[in-house]
file my_file-v6.cif (mmCIF, C-alpha atoms)
data_input
loop_
_atom_site.label_atom_id
_atom_site.label_comp_id
_atom_site.auth_asym_id
_atom_site.auth_seq_id
_atom_site.Cartn_x
_atom_site.Cartn_y
_atom_site.Cartn_z
CA MET A 1 -76.22 -70.15 -82.26
CA THR A 2 -73.24 -70.86 -84.47
CA ALA A 3 -73.53 -73.80 -86.85
CA LEU A 4 -72.49 -77.08 -85.30
CA LEU A 5 -70.03 -79.17 -87.22
CA PRO A 6 -70.20 -82.98 -87.12
CA GLN A 7 -67.09 -83.13 -84.98
CA ASP A 8 -68.82 -80.87 -82.39
CA TRP A 9 -71.55 -83.37 -81.48
CA PRO A 10 -69.32 -85.73 -79.45
CA LEU A 11 -68.15 -82.74 -77.41
CA LEU A 12 -71.75 -81.65 -76.75
CA LEU A 13 -72.78 -85.18 -75.75
CA LEU A 14 -69.78 -85.38 -73.46
CA ALA A 15 -70.57 -82.00 -71.92
CA PHE A 16 -74.36 -82.30 -71.47
CA VAL A 17 -74.84 -86.04 -70.98
CA ALA A 18 -71.67 -87.78 -69.90
CA ALA A 19 -70.50 -85.09 -67.49
CA PRO A 20 -73.76 -85.00 -65.44
CA LEU A 21 -73.92 -88.80 -65.41
CA LEU A 22 -70.31 -88.99 -64.27
CA ALA A 23 -70.96 -86.44 -61.53
CA LEU A 24 -74.04 -88.39 -60.36
CA GLY A 25 -71.98 -91.56 -60.27
CA VAL A 26 -69.31 -89.90 -58.15
CA VAL A 27 -71.95 -88.56 -55.75
CA ALA A 28 -73.62 -91.99 -55.53
CA ALA A 29 -70.29 -93.64 -54.79
CA ALA A 30 -69.52 -91.04 -52.12
CA HIS A 31 -72.97 -91.63 -50.60
CA GLY A 32 -72.34 -95.36 -50.49
CA VAL A 33 -68.97 -94.97 -48.79
CA LEU A 34 -70.30 -92.50 -46.20
CA GLU A 35 -73.37 -94.66 -45.49
CA SER A 36 -71.23 -97.75 -44.94
CA LEU A 37 -69.04 -95.78 -42.54
CA LEU A 38 -71.99 -94.41 -40.57
CA ARG A 39 -74.13 -97.57 -40.54
CA GLY A 40 -72.14 -99.23 -37.79
CA ARG A 41 -72.08 -96.14 -35.61
CA ASP A 42 -74.71 -94.48 -33.46
CA ALA A 43 -75.29 -91.52 -35.79
CA PRO A 44 -79.00 -91.48 -36.73
CA VAL A 45 -79.03 -87.77 -37.54
CA LEU A 46 -76.11 -87.99 -39.96
CA LEU A 47 -77.61 -91.07 -41.60
CA ALA A 48 -80.96 -89.30 -42.02
CA VAL A 49 -79.31 -86.23 -43.53
CA LEU A 50 -77.32 -88.46 -45.88
CA ARG A 51 -80.24 -90.63 -47.01
CA ARG A 52 -82.98 -88.06 -47.38
CA GLY A 53 -83.17 -85.34 -49.95
CA ARG A 54 -81.23 -87.28 -52.58
CA GLN A 55 -83.48 -86.25 -55.46
CA PRO A 56 -82.98 -82.48 -54.96
CA LEU A 57 -79.26 -83.16 -54.47
CA ARG A 58 -79.09 -85.02 -57.78
CA LEU A 59 -80.92 -82.17 -59.50
CA THR A 60 -78.49 -79.68 -57.95
CA ILE A 61 -75.49 -81.68 -59.20
CA ILE A 62 -76.93 -81.88 -62.73
CA LEU A 63 -77.66 -78.14 -62.88
CA LEU A 64 -74.22 -77.30 -61.47
CA VAL A 65 -72.47 -79.45 -64.08
CA LEU A 66 -74.59 -77.98 -66.89
CA THR A 67 -73.72 -74.46 -65.71
CA LEU A 68 -70.01 -75.32 -65.73
CA VAL A 69 -70.05 -76.89 -69.21
CA LEU A 70 -72.32 -74.29 -70.80
CA PRO A 71 -69.44 -72.13 -72.11
CA VAL A 72 -68.24 -75.01 -74.34
CA ALA A 73 -71.64 -75.49 -76.01
CA GLY A 74 -70.99 -72.95 -78.73
CA PHE A 75 -74.20 -70.97 -78.24
CA SER A 76 -74.45 -67.37 -79.31
CA GLU A 77 -73.74 -64.70 -76.75
CA ALA A 78 -77.43 -63.83 -76.25
CA THR A 79 -78.56 -67.46 -76.09
CA GLY A 80 -75.72 -68.40 -73.76
CA ALA A 81 -76.53 -65.50 -71.41
CA MET A 82 -80.22 -66.46 -71.33
CA LEU A 83 -79.44 -70.13 -70.64
CA GLU A 84 -76.91 -69.16 -68.01
CA SER A 85 -79.53 -67.04 -66.22
CA LEU A 86 -82.13 -69.81 -66.36
CA LEU A 87 -79.66 -72.41 -65.14
CA GLY A 88 -78.55 -70.07 -62.37
CA LEU A 89 -82.11 -69.55 -61.14
CA ALA A 90 -82.84 -73.27 -61.33
CA LEU A 91 -79.62 -74.00 -59.46
CA VAL A 92 -80.60 -71.60 -56.66
CA VAL A 93 -84.01 -73.29 -56.34
CA ALA A 94 -82.50 -76.78 -56.34
CA LEU A 95 -79.82 -75.81 -53.84
CA GLY A 96 -82.39 -74.20 -51.52
CA TRP A 97 -84.60 -77.29 -51.86
CA THR A 98 -81.65 -79.55 -51.02
CA ILE A 99 -80.54 -77.60 -47.96
CA THR A 100 -84.10 -77.25 -46.66
CA ARG A 101 -84.73 -80.97 -47.10
CA LYS A 102 -81.50 -81.89 -45.33
CA VAL A 103 -82.23 -79.55 -42.42
CA ALA A 104 -85.76 -80.96 -42.14
CA ALA A 105 -84.35 -84.49 -42.10
CA ALA A 106 -82.18 -83.63 -39.10
CA PHE A 107 -85.31 -82.56 -37.21
CA ASP A 108 -87.47 -85.44 -38.51
CA VAL A 109 -85.21 -88.16 -37.15
CA GLN A 110 -85.66 -86.68 -33.68
CA LEU A 111 -89.43 -86.42 -34.08
CA GLU A 112 -90.06 -89.92 -35.40
CA GLY A 113 -91.62 -92.59 -33.24
CA ALA A 114 -94.63 -92.76 -30.98
CA LEU A 115 -95.84 -89.79 -29.00
CA PRO A 116 -94.23 -89.98 -25.55
CA GLY A 117 -96.35 -90.70 -22.51
CA ASP A 118 -97.58 -88.20 -19.96
CA GLU A 119 -94.85 -89.06 -17.50
CA ASP A 120 -92.02 -88.22 -19.90
CA LEU A 121 -92.15 -84.43 -19.55
CA ALA A 122 -88.57 -83.84 -20.72
CA LEU A 123 -89.19 -85.75 -23.95
CA ARG A 124 -92.44 -83.90 -24.63
CA ARG A 125 -90.72 -80.57 -24.01
CA ARG A 126 -87.96 -81.48 -26.46
CA ARG A 127 -90.46 -82.75 -29.03
CA THR A 128 -92.42 -79.49 -28.91
CA GLN A 129 -89.31 -77.37 -29.43
CA LEU A 130 -88.15 -79.55 -32.31
CA ALA A 131 -91.55 -79.38 -34.03
CA VAL A 132 -91.71 -75.57 -33.82
CA PHE A 133 -88.11 -74.95 -34.85
CA ARG A 134 -88.39 -77.45 -37.73
CA ARG A 135 -91.27 -75.46 -39.21
CA LEU A 136 -89.42 -72.20 -38.70
CA ALA A 137 -86.27 -73.59 -40.35
CA VAL A 138 -88.21 -74.89 -43.36
CA SER A 139 -90.10 -71.59 -43.68
CA ALA A 140 -86.87 -69.62 -43.50
CA GLY A 141 -85.31 -71.80 -46.19
CA VAL A 142 -88.29 -71.37 -48.53
CA VAL A 143 -88.50 -67.61 -47.97
CA PHE A 144 -84.76 -67.13 -48.46
CA THR A 145 -84.74 -69.20 -51.66
CA VAL A 146 -87.73 -67.36 -53.11
CA GLY A 147 -86.17 -64.05 -52.14
CA VAL A 148 -82.89 -64.86 -53.89
CA VAL A 149 -84.73 -65.99 -57.03
CA LEU A 150 -86.90 -62.88 -57.14
CA THR A 151 -84.01 -60.49 -56.59
CA ALA A 152 -82.11 -62.22 -59.40
CA ILE A 153 -84.85 -61.31 -61.91
CA PRO A 154 -84.21 -57.71 -63.05
CA ALA A 155 -87.86 -56.82 -63.62
CA VAL A 156 -88.97 -58.15 -60.25
CA ARG A 157 -86.03 -56.51 -58.50
CA ALA A 158 -86.91 -53.14 -60.05
CA VAL A 159 -90.51 -53.44 -58.93
CA GLY A 160 -89.44 -54.46 -55.44
CA LEU A 161 -87.07 -51.51 -55.10
CA SER A 162 -89.74 -49.10 -56.29
CA LEU A 163 -92.19 -50.50 -53.77
CA PHE A 164 -89.67 -50.15 -50.99
CA ALA A 165 -89.01 -46.58 -52.05
CA SER A 166 -92.71 -45.69 -51.73
CA ALA A 167 -93.58 -47.99 -48.84
CA GLY A 168 -95.09 -45.40 -46.50
CA VAL A 169 -98.82 -46.01 -46.55
CA ALA A 170 -98.44 -49.39 -48.26
CA GLY A 171 -96.17 -50.61 -45.47
CA ILE A 172 -98.68 -49.60 -42.83
CA VAL A 173 -101.52 -51.35 -44.66
CA ILE A 174 -99.45 -54.52 -45.17
CA GLY A 175 -98.34 -54.43 -41.55
CA ILE A 176 -101.92 -54.22 -40.31
CA ALA A 177 -103.00 -57.02 -42.65
CA ALA A 178 -100.10 -59.23 -41.60
CA ARG A 179 -100.49 -58.61 -37.86
CA PRO A 180 -102.34 -61.90 -37.11
CA ALA A 181 -99.77 -63.96 -38.99
CA VAL A 182 -96.84 -62.15 -37.36
CA SER A 183 -98.39 -62.42 -33.89
CA ASN A 184 -98.89 -66.16 -34.35
CA LEU A 185 -95.31 -66.55 -35.58
CA ILE A 186 -93.98 -64.73 -32.52
CA ALA A 187 -96.34 -66.76 -30.34
CA GLY A 188 -94.88 -69.94 -31.82
CA LEU A 189 -91.38 -68.86 -30.82
CA GLN A 190 -92.54 -67.95 -27.32
CA ILE A 191 -94.33 -71.28 -26.90
CA ALA A 192 -91.24 -73.16 -28.06
CA LEU A 193 -89.06 -71.31 -25.55
CA THR A 194 -91.36 -70.86 -22.53
CA GLN A 195 -93.39 -74.08 -22.99
CA PRO A 196 -96.84 -73.15 -21.59
CA ILE A 197 -98.04 -76.14 -23.62
CA ARG A 198 -96.26 -79.12 -25.12
CA ILE A 199 -97.19 -81.81 -27.61
CA GLY A 200 -99.03 -84.44 -25.60
CA ASP A 201 -100.20 -82.10 -22.82
CA ALA A 202 -103.70 -82.55 -21.41
CA VAL A 203 -105.42 -79.15 -21.47
CA THR A 204 -108.83 -77.57 -20.97
CA VAL A 205 -109.54 -74.81 -23.50
CA GLU A 206 -112.92 -73.09 -23.86
CA ALA A 207 -114.44 -75.67 -21.49
CA GLN A 208 -113.15 -78.49 -23.75
CA TRP A 209 -110.77 -81.13 -22.37
CA GLY A 210 -108.32 -82.63 -24.81
CA ARG A 211 -104.73 -83.43 -25.64
CA VAL A 212 -102.35 -81.31 -27.71
CA GLN A 213 -101.70 -83.23 -30.91
CA GLU A 214 -99.94 -80.71 -33.15
CA ILE A 215 -98.38 -77.25 -32.94
CA THR A 216 -98.12 -75.58 -36.37
CA TYR A 217 -97.04 -72.15 -37.59
CA THR A 218 -100.37 -70.52 -36.74
CA TYR A 219 -102.56 -72.85 -34.69
CA VAL A 220 -102.65 -75.72 -32.20
CA THR A 221 -104.67 -78.88 -32.80
CA ILE A 222 -106.27 -80.34 -29.68
CA ILE A 223 -107.94 -83.76 -29.84
CA THR A 224 -110.88 -83.77 -27.41
CA TRP A 225 -112.04 -86.78 -25.42
CA ASP A 226 -114.69 -87.56 -28.08
CA GLN A 227 -112.05 -87.45 -30.88
CA ARG A 228 -112.98 -84.05 -32.28
CA SER A 229 -110.27 -81.65 -33.42
CA LEU A 230 -110.30 -78.30 -31.63
CA ILE A 231 -108.29 -75.73 -33.62
CA VAL A 232 -106.95 -72.86 -31.50
CA PRO A 233 -104.74 -69.95 -32.71
CA LEU A 234 -101.26 -69.92 -31.23
CA SER A 235 -101.76 -66.44 -29.81
CA TYR A 236 -104.65 -67.74 -27.68
CA PHE A 237 -102.24 -69.50 -25.32
CA LEU A 238 -100.40 -66.24 -24.63
CA GLU A 239 -103.43 -63.96 -24.33
CA LYS A 240 -106.09 -66.00 -22.50
CA PRO A 241 -106.09 -68.31 -19.48
CA PHE A 242 -106.34 -72.04 -19.99
CA LEU A 243 -105.85 -75.14 -17.85
CA ASN A 244 -102.81 -77.36 -18.41
CA TRP A 245 -103.21 -80.60 -16.49
CA THR A 246 -99.66 -81.80 -17.20
CA LYS A 247 -97.57 -78.62 -17.04
CA ASP A 248 -95.11 -79.78 -14.36
CA SER A 249 -96.28 -83.32 -13.73
CA ALA A 250 -98.80 -85.71 -15.22
CA GLN A 251 -99.92 -86.85 -11.76
CA LEU A 252 -103.33 -85.57 -10.70
CA LEU A 253 -105.63 -85.29 -7.71
CA ASP A 254 -109.37 -85.32 -8.28
CA THR A 255 -112.59 -85.89 -6.41
CA VAL A 256 -115.74 -87.97 -6.51
CA PHE A 257 -118.70 -86.38 -4.67
CA LEU A 258 -121.44 -88.47 -3.11
CA SER A 259 -124.81 -87.01 -2.06
CA LEU A 260 -126.17 -89.35 0.60
CA THR A 261 -128.74 -89.38 3.41
CA PHE A 262 -127.92 -88.86 7.07
CA ALA A 263 -127.93 -92.64 7.48
CA ALA A 264 -124.77 -93.04 5.34
CA PRO A 265 -122.14 -95.21 7.11
CA VAL A 266 -119.06 -93.02 6.68
CA GLU A 267 -116.56 -95.46 8.21
CA ALA A 268 -117.89 -98.35 6.12
CA ILE A 269 -117.64 -96.16 3.02
CA ARG A 270 -114.01 -95.38 3.89
CA SER A 271 -113.23 -99.08 4.12
CA LYS A 272 -115.02 -99.81 0.84
CA VAL A 273 -113.18 -97.02 -0.97
CA THR A 274 -109.85 -98.47 0.24
CA GLU A 275 -110.94 -101.89 -0.99
CA ILE A 276 -112.01 -100.57 -4.43
CA LEU A 277 -108.84 -98.52 -4.88
CA ALA A 278 -106.63 -101.50 -4.04
CA THR A 279 -107.81 -103.27 -7.21
CA ALA A 280 -108.38 -100.20 -9.40
CA PRO A 281 -105.93 -100.16 -12.37
CA GLY A 282 -105.81 -96.35 -12.56
CA TRP A 283 -104.90 -95.62 -8.93
CA ASP A 284 -101.24 -94.76 -8.26
CA GLY A 285 -101.43 -95.41 -4.50
CA ARG A 286 -100.63 -91.89 -3.37
CA ILE A 287 -103.92 -90.56 -1.97
CA GLY A 288 -107.30 -92.10 -1.19
CA LYS A 289 -109.41 -90.20 1.39
CA VAL A 290 -113.09 -89.94 2.30
CA GLN A 291 -114.30 -86.73 3.95
CA VAL A 292 -117.69 -85.25 4.84
CA THR A 293 -117.59 -81.87 3.12
CA ALA A 294 -121.17 -80.61 3.57
CA TRP A 295 -124.19 -80.96 5.89
CA LYS A 296 -127.41 -80.06 4.09
CA ASP A 297 -131.12 -80.14 4.86
CA THR A 298 -131.59 -83.24 2.74
CA GLY A 299 -128.46 -85.16 3.72
CA VAL A 300 -124.67 -85.08 3.66
CA GLU A 301 -122.06 -84.70 0.95
CA LEU A 302 -118.99 -86.92 0.94
CA ARG A 303 -115.83 -86.18 -1.00
CA VAL A 304 -113.60 -89.01 -2.12
CA LEU A 305 -110.14 -87.64 -2.92
CA VAL A 306 -108.01 -89.90 -5.14
CA SER A 307 -104.81 -89.69 -7.20
CA ALA A 308 -103.86 -91.05 -10.61
CA PRO A 309 -100.74 -90.96 -12.83
CA ASP A 310 -102.40 -88.96 -15.63
CA ALA A 311 -105.67 -87.34 -16.73
CA SER A 312 -107.01 -90.19 -18.87
CA ARG A 313 -106.52 -92.77 -16.12
CA MET A 314 -108.00 -90.36 -13.58
CA PHE A 315 -111.23 -90.25 -15.59
CA GLU A 316 -111.38 -94.05 -15.69
CA LEU A 317 -110.61 -94.25 -11.96
CA ARG A 318 -113.43 -91.88 -11.02
CA CYS A 319 -115.92 -93.83 -13.13
CA HIS A 320 -114.71 -97.12 -11.62
CA LEU A 321 -115.04 -95.72 -8.10
CA ARG A 322 -118.58 -94.40 -8.68
CA GLU A 323 -119.75 -97.71 -10.14
CA GLY A 324 -118.26 -99.74 -7.29
CA LEU A 325 -119.69 -97.52 -4.56
CA LEU A 326 -123.13 -97.37 -6.19
CA ALA A 327 -123.39 -101.16 -6.46
CA TRP A 328 -122.16 -101.65 -2.89
CA LEU A 329 -124.48 -99.02 -1.36
CA ALA A 330 -127.49 -100.34 -3.26
CA ALA A 331 -126.79 -103.87 -2.03
CA GLU A 332 -125.55 -103.25 1.53
CA HIS A 333 -126.80 -99.80 2.59
CA PRO A 334 -129.82 -98.77 0.51
CA GLU A 335 -130.93 -96.43 3.32
CA ALA A 336 -127.91 -94.22 2.50
CA LEU A 337 -129.09 -93.52 -1.03
CA PRO A 338 -131.39 -90.51 -1.45
CA THR A 339 -134.93 -91.29 -2.59
CA MET A 340 -136.68 -88.95 -5.01
CA GLY A 341 -139.81 -87.34 -3.59
CA LEU A 342 -139.22 -88.50 -0.03
CA PRO A 343 -137.47 -86.33 2.56
CA ALA A 344 -134.35 -87.77 4.10
CA ALA A 345 -134.63 -88.80 7.72
CA ARG A 346 -132.75 -86.41 10.00
CA PRO A 347 -130.77 -87.91 12.85
CA ALA A 348 -132.33 -87.82 16.28
#

call {"tool": "encode", "arguments": {"input": "my_file-v6.cif", "output": "structure tokens"}}
result
Amino acid sequence: MTALLPQDWPLLLLAFVAAPLLALGVVAAAHGVLESLLRGRDAPVLLAVLRRGRQPLRLTIILLVLTLVLPVAGFSEATGAMLESLLGLALVVALGWTITRKVAAAFDVQLEGALPGDEDLALRRRRTQLAVFRRLAVSAGVVFTVGVVLTAIPAVRAVGLSLFASAGVAGIVIGIAARPAVSNLIAGLQIALTQPIRIGDAVTVEAQWGRVQEITYTYVTIITWDQRSLIVPLSYFLEKPFLNWTKDSAQLLDTVFLSLTFAAPVEAIRSKVTEILATAPGWDGRIGKVQVTAWKDTGVELRVLVSAPDASRMFELRCHLREGLLAWLAAEHPEALPTMGLPAARPA
């Protein structure tokens, strides 16, 4: 570096301190004006993009100003070239960080809020697509930024080109090793587009009932009824059968089976089921039937067919119906309940 004269210090302070501060002030003022213009309008996405990611934006502005004022610093040619390369790499990282953060903010504002209910299928479909594409967008931004930085380093670029030139066997090995990750990535895209599952869906996977809580790059998190987390690879939902209780509608039909003696009063049971369902909080009023579905040596089997708006309320409804019928039969028709060790009386 050439020797700095006393009269050079004010220029350096102006270039490396005042100029970045001035640029940050201009950006802050522009932010304030834009935010005041958008605050009174229905533009949540634009407001989120404006407000979030300010730190990486400030860093980008500082590095950009330093890169522009570097030629007036008076450094030697070698030192100036080295600093220019370092500032260039840092600027690429900061710019990639800023863009990625802004893109993520546009997705985040759509994903914020409570998880929609079972009945809102369109909102759950949209939420699932946004969650998958947000992760893909962030991943693409990170990979692209890292790729630009690595190709800008001569030594790394030379190694990369040499590897590509001799990538026969190595490419096959890497491809085999990366197959699970690639298959899960492709599965994520297919799930986002075809929607076999959505965030909030009630599903049965590997004999476990639960609700889809999260769809990531590689796996799906399902919260079971007992609050355990079932982790399932994304590719599972494209390769194996599973049960989706809320694929097209959250409404469900389900059954309660009763094993009773031949003395069971079927018509009275029908009336009691109607009475219980009328006050049951989980019944949606669509279906409530009682049918004799089997005639066995020890008695009869009755099926109570009921409907509910979603899977969780269906479970509560079935329990409520069993409890009500058991109490009523024990009090009013104990002869209809099977007795252990004693054969049921067959009708004459």

call {"tool": "residues_around", "arguments": {"input": "my_file-v6.cif", "residues": "range 36-53 of chain A", "least_positions_apart": "5", "cutoff": "9 Å", "atoms": "all atoms listed in the file", "output": "list in words"}}
result
His31, Arg58, Trp97, Thr98, Ile99, Thr100, Arg101, Lys102, Val103, Ala104, Ala105, Ala106, Phe107, Asp108, Val109 and Gln110 of chain A

call {"tool": "write_last_selection", "arguments": {"input": "my_file-v6.cif", "atoms": "C-alpha atoms", "output": "compact mmCIF listing (two decimals), in the frame of the given file"}}
result
# COMPACT_ATOMS: atom_id res chain seq x y z
CA HIS A 31 -72.97 -91.63 -50.60
CA ARG A 58 -79.09 -85.02 -57.78
CA TRP A 97 -84.60 -77.29 -51.86
CA THR A 98 -81.65 -79.55 -51.02
CA ILE A 99 -80.54 -77.60 -47.96
CA THR A 100 -84.10 -77.25 -46.66
CA ARG A 101 -84.73 -80.97 -47.10
CA LYS A 102 -81.50 -81.89 -45.33
CA VAL A 103 -82.23 -79.55 -42.42
CA ALA A 104 -85.76 -80.96 -42.14
CA ALA A 105 -84.35 -84.49 -42.10
CA ALA A 106 -82.18 -83.63 -39.10
CA PHE A 107 -85.31 -82.56 -37.21
CA ASP A 108 -87.47 -85.44 -38.51
CA VAL A 109 -85.21 -88.16 -37.15
CA GLN A 110 -85.66 -86.68 -33.68

call {"tool": "residues_near_point", "arguments": {"input": "my_file-v6.cif", "point": "(-114.5, -85.9, 4.2)", "cutoff": "10 Å", "atoms": "all atoms listed in the file", "output": "list in words"}}
result
Phe257, Val266, Arg270, Lys289, Val290, Gln291, Val292, Thr293, Ala294, Glu301, Leu302, Arg303, Val304 and Leu305 of chain A

call {"tool": "closest_residue", "arguments": {"input": "my_file-v6.cif", "among": "A:Leu22, A:Leu130, A:Ile276, A:Leu150", "to": "Ala192 in chain A", "atoms": "all atoms listed in the file"}}
result
A:Leu130

call {"tool": "residues_around", "arguments": {"input": "my_file-v6.cif", "residues": "range 332-336 of chain A", "least_positions_apart": "2", "cutoff": "8 Å", "atoms": "all atoms listed in the file", "output": "MDAnalysis selection string"}}
result
chainID A and resid 260:265 328:330 338

call {"tool": "residues_around", "arguments": {"input": "my_file-v6.cif", "residues": "Leu325 in chain A", "least_positions_apart": "5", "cutoff": "10 Å", "atoms": "only C-alpha atoms", "output": "tab-separated table (two decimals) with C-alpha atoms, in the frame of the given file"}}
result
chain	number	residue	atom	x	y	z
A	258	LEU	CA	-121.44	-88.47	-3.11
A	269	ILE	CA	-117.64	-96.16	3.02
A	272	LYS	CA	-115.02	-99.81	0.84
A	273	VAL	CA	-113.18	-97.02	-0.97
A	276	ILE	CA	-112.01	-100.57	-4.43
A	320	HIS	CA	-114.71	-97.12	-11.62
A	330	ALA	CA	-127.49	-100.34	-3.26
A	331	ALA	CA	-126.79	-103.87	-2.03

call {"tool": "resolve_selection", "arguments": {"input": "my_file-v6.cif", "expression": "the PyMOL selection byres ((chain A and resi 60) around 8)", "output": "short mmCIF file (atom, residue, chain, number, x, y, z; two decimals) with C-alpha atoms, in the frame of the given file"}}
result
data_model
loop_
_atom_site.label_atom_id
_atom_site.label_comp_id
_atom_site.auth_asym_id
_atom_site.auth_seq_id
_atom_site.Cartn_x
_atom_site.Cartn_y
_atom_site.Cartn_z
CA PRO A 56 -82.98 -82.48 -54.96
CA LEU A 57 -79.26 -83.16 -54.47
CA ARG A 58 -79.09 -85.02 -57.78
CA LEU A 59 -80.92 -82.17 -59.50
CA ILE A 61 -75.49 -81.68 -59.20
CA ILE A 62 -76.93 -81.88 -62.73
CA LEU A 63 -77.66 -78.14 -62.88
CA LEU A 64 -74.22 -77.30 -61.47
CA LEU A 91 -79.62 -74.00 -59.46
CA ALA A 94 -82.50 -76.78 -56.34
CA LEU A 95 -79.82 -75.81 -53.84
CA THR A 98 -81.65 -79.55 -51.02
#

call {"tool": "closest_residue", "arguments": {"input": "my_file-v6.cif", "among": "A:Thr128, A:Thr151, A:Ser271, A:Ser307", "to": "Gln251 in chain A", "atoms": "only C-alpha atoms"}}
result
A:Ser307

call {"tool": "atom_distance", "arguments": {"input": "my_file-v6.cif", "atom1": "CA of Arg127 in chain A", "atom2": "CA of Arg198 in chain A"}}
result
7.9 Å

call {"tool": "resolve_selection", "arguments": {"input": "my_file-v6.cif", "expression": "the PyMOL selection byres ((chain A and resi 199) around 8)", "output": "JSON, numbers by chain"}}
result
{"A": [124, 125, 127, 128, 197, 198, 200, 201, 211, 212, 213, 214, 215]}

call {"tool": "closest_residue", "arguments": {"input": "my_file-v6.cif", "among": "A:Trp295, A:Phe133, A:Trp245, A:Phe144", "to": "Val92 in chain A", "atoms": "all atoms listed in the file"}}
result
A:Phe144

call {"tool": "atom_distance", "arguments": {"input": "my_file-v6.cif", "atom1": "CA of Leu234 in chain A", "atom2": "CA of Val220 in chain A"}}
result
6.0 Å

call {"tool": "residues_near_point", "arguments": {"input": "my_file-v6.cif", "point": "(-105.1, -77.8, -18.0)", "cutoff": "9 Å", "atoms": "all atoms listed in the file", "output": "ChimeraX atom specification"}}
result
/A:201-205,209-210,242-247

call {"tool": "atom_distance", "arguments": {"input": "my_file-v6.cif", "atom1": "CA of Leu66 in chain A", "atom2": "CA of Val138 in chain A"}}
result
27.4 Å

call {"tool": "closest_residue", "arguments": {"input": "my_file-v6.cif", "among": "A:Val300, A:Leu253, A:Glu316, A:Leu321", "to": "Leu277 in chain A", "atoms": "only C-alpha atoms"}}
result
A:Leu321

call {"tool": "build_atoms", "arguments": {"input": "my_file-v6.cif", "residues": "range 45-58 of chain A", "atoms": "N, CA and C atoms", "output": "PDB file, in the frame of the given file"}}
result
ATOM      1  N   VAL A  45     -78.810 -89.059 -36.881  1.00  0.00           N
ATOM      2  CA  VAL A  45     -79.030 -87.770 -37.540  1.00  0.00           C
ATOM      3  C   VAL A  45     -78.218 -87.670 -38.828  1.00  0.00           C
ATOM      4  N   LEU A  46     -76.947 -88.050 -38.761  1.00  0.00           N
ATOM      5  CA  LEU A  46     -76.110 -87.990 -39.960  1.00  0.00           C
ATOM      6  C   LEU A  46     -76.608 -88.942 -41.031  1.00  0.00           C
ATOM      7  N   LEU A  47     -77.068 -90.122 -40.628  1.00  0.00           N
ATOM      8  CA  LEU A  47     -77.610 -91.070 -41.600  1.00  0.00           C
ATOM      9  C   LEU A  47     -78.870 -90.522 -42.252  1.00  0.00           C
ATOM     10  N   ALA A  48     -79.734 -89.880 -41.460  1.00  0.00           N
ATOM     11  CA  ALA A  48     -80.960 -89.300 -42.020  1.00  0.00           C
ATOM     12  C   ALA A  48     -80.643 -88.170 -42.990  1.00  0.00           C
ATOM     13  N   VAL A  49     -79.694 -87.323 -42.629  1.00  0.00           N
ATOM     14  CA  VAL A  49     -79.310 -86.230 -43.530  1.00  0.00           C
ATOM     15  C   VAL A  49     -78.698 -86.776 -44.808  1.00  0.00           C
ATOM     16  N   LEU A  50     -77.954 -87.873 -44.705  1.00  0.00           N
ATOM     17  CA  LEU A  50     -77.320 -88.460 -45.880  1.00  0.00           C
ATOM     18  C   LEU A  50     -78.343 -89.129 -46.796  1.00  0.00           C
ATOM     19  N   ARG A  51     -79.313 -89.841 -46.215  1.00  0.00           N
ATOM     20  CA  ARG A  51     -80.240 -90.630 -47.010  1.00  0.00           C
ATOM     21  C   ARG A  51     -81.373 -89.828 -47.613  1.00  0.00           C
ATOM     22  N   ARG A  52     -81.816 -88.800 -46.922  1.00  0.00           N
ATOM     23  CA  ARG A  52     -82.980 -88.060 -47.380  1.00  0.00           C
ATOM     24  C   ARG A  52     -82.584 -86.849 -48.199  1.00  0.00           C
ATOM     25  N   GLY A  53     -83.458 -86.482 -49.082  1.00  0.00           N
ATOM     26  CA  GLY A  53     -83.170 -85.340 -49.950  1.00  0.00           C
ATOM     27  C   GLY A  53     -82.221 -85.656 -51.077  1.00  0.00           C
ATOM     28  N   ARG A  54     -82.164 -86.929 -51.514  1.00  0.00           N
ATOM     29  CA  ARG A  54     -81.230 -87.280 -52.580  1.00  0.00           C
ATOM     30  C   ARG A  54     -81.688 -86.764 -53.937  1.00  0.00           C
ATOM     31  N   GLN A  55     -82.983 -86.745 -54.169  1.00  0.00           N
ATOM     32  CA  GLN A  55     -83.480 -86.250 -55.460  1.00  0.00           C
ATOM     33  C   GLN A  55     -83.127 -84.787 -55.688  1.00  0.00           C
ATOM     34  N   PRO A  56     -83.419 -83.873 -54.728  1.00  0.00           N
ATOM     35  CA  PRO A  56     -82.980 -82.480 -54.960  1.00  0.00           C
ATOM     36  C   PRO A  56     -81.467 -82.346 -55.054  1.00  0.00           C
ATOM     37  N   LEU A  57     -80.725 -83.218 -54.357  1.00  0.00           N
ATOM     38  CA  LEU A  57     -79.260 -83.160 -54.470  1.00  0.00           C
ATOM     39  C   LEU A  57     -78.817 -83.563 -55.868  1.00  0.00           C
ATOM     40  N   ARG A  58     -79.436 -84.614 -56.416  1.00  0.00           N
ATOM     41  CA  ARG A  58     -79.090 -85.020 -57.780  1.00  0.00           C
ATOM     42  C   ARG A  58     -79.400 -83.893 -58.774  1.00  0.00           C
TER      43      ARG A  58
END
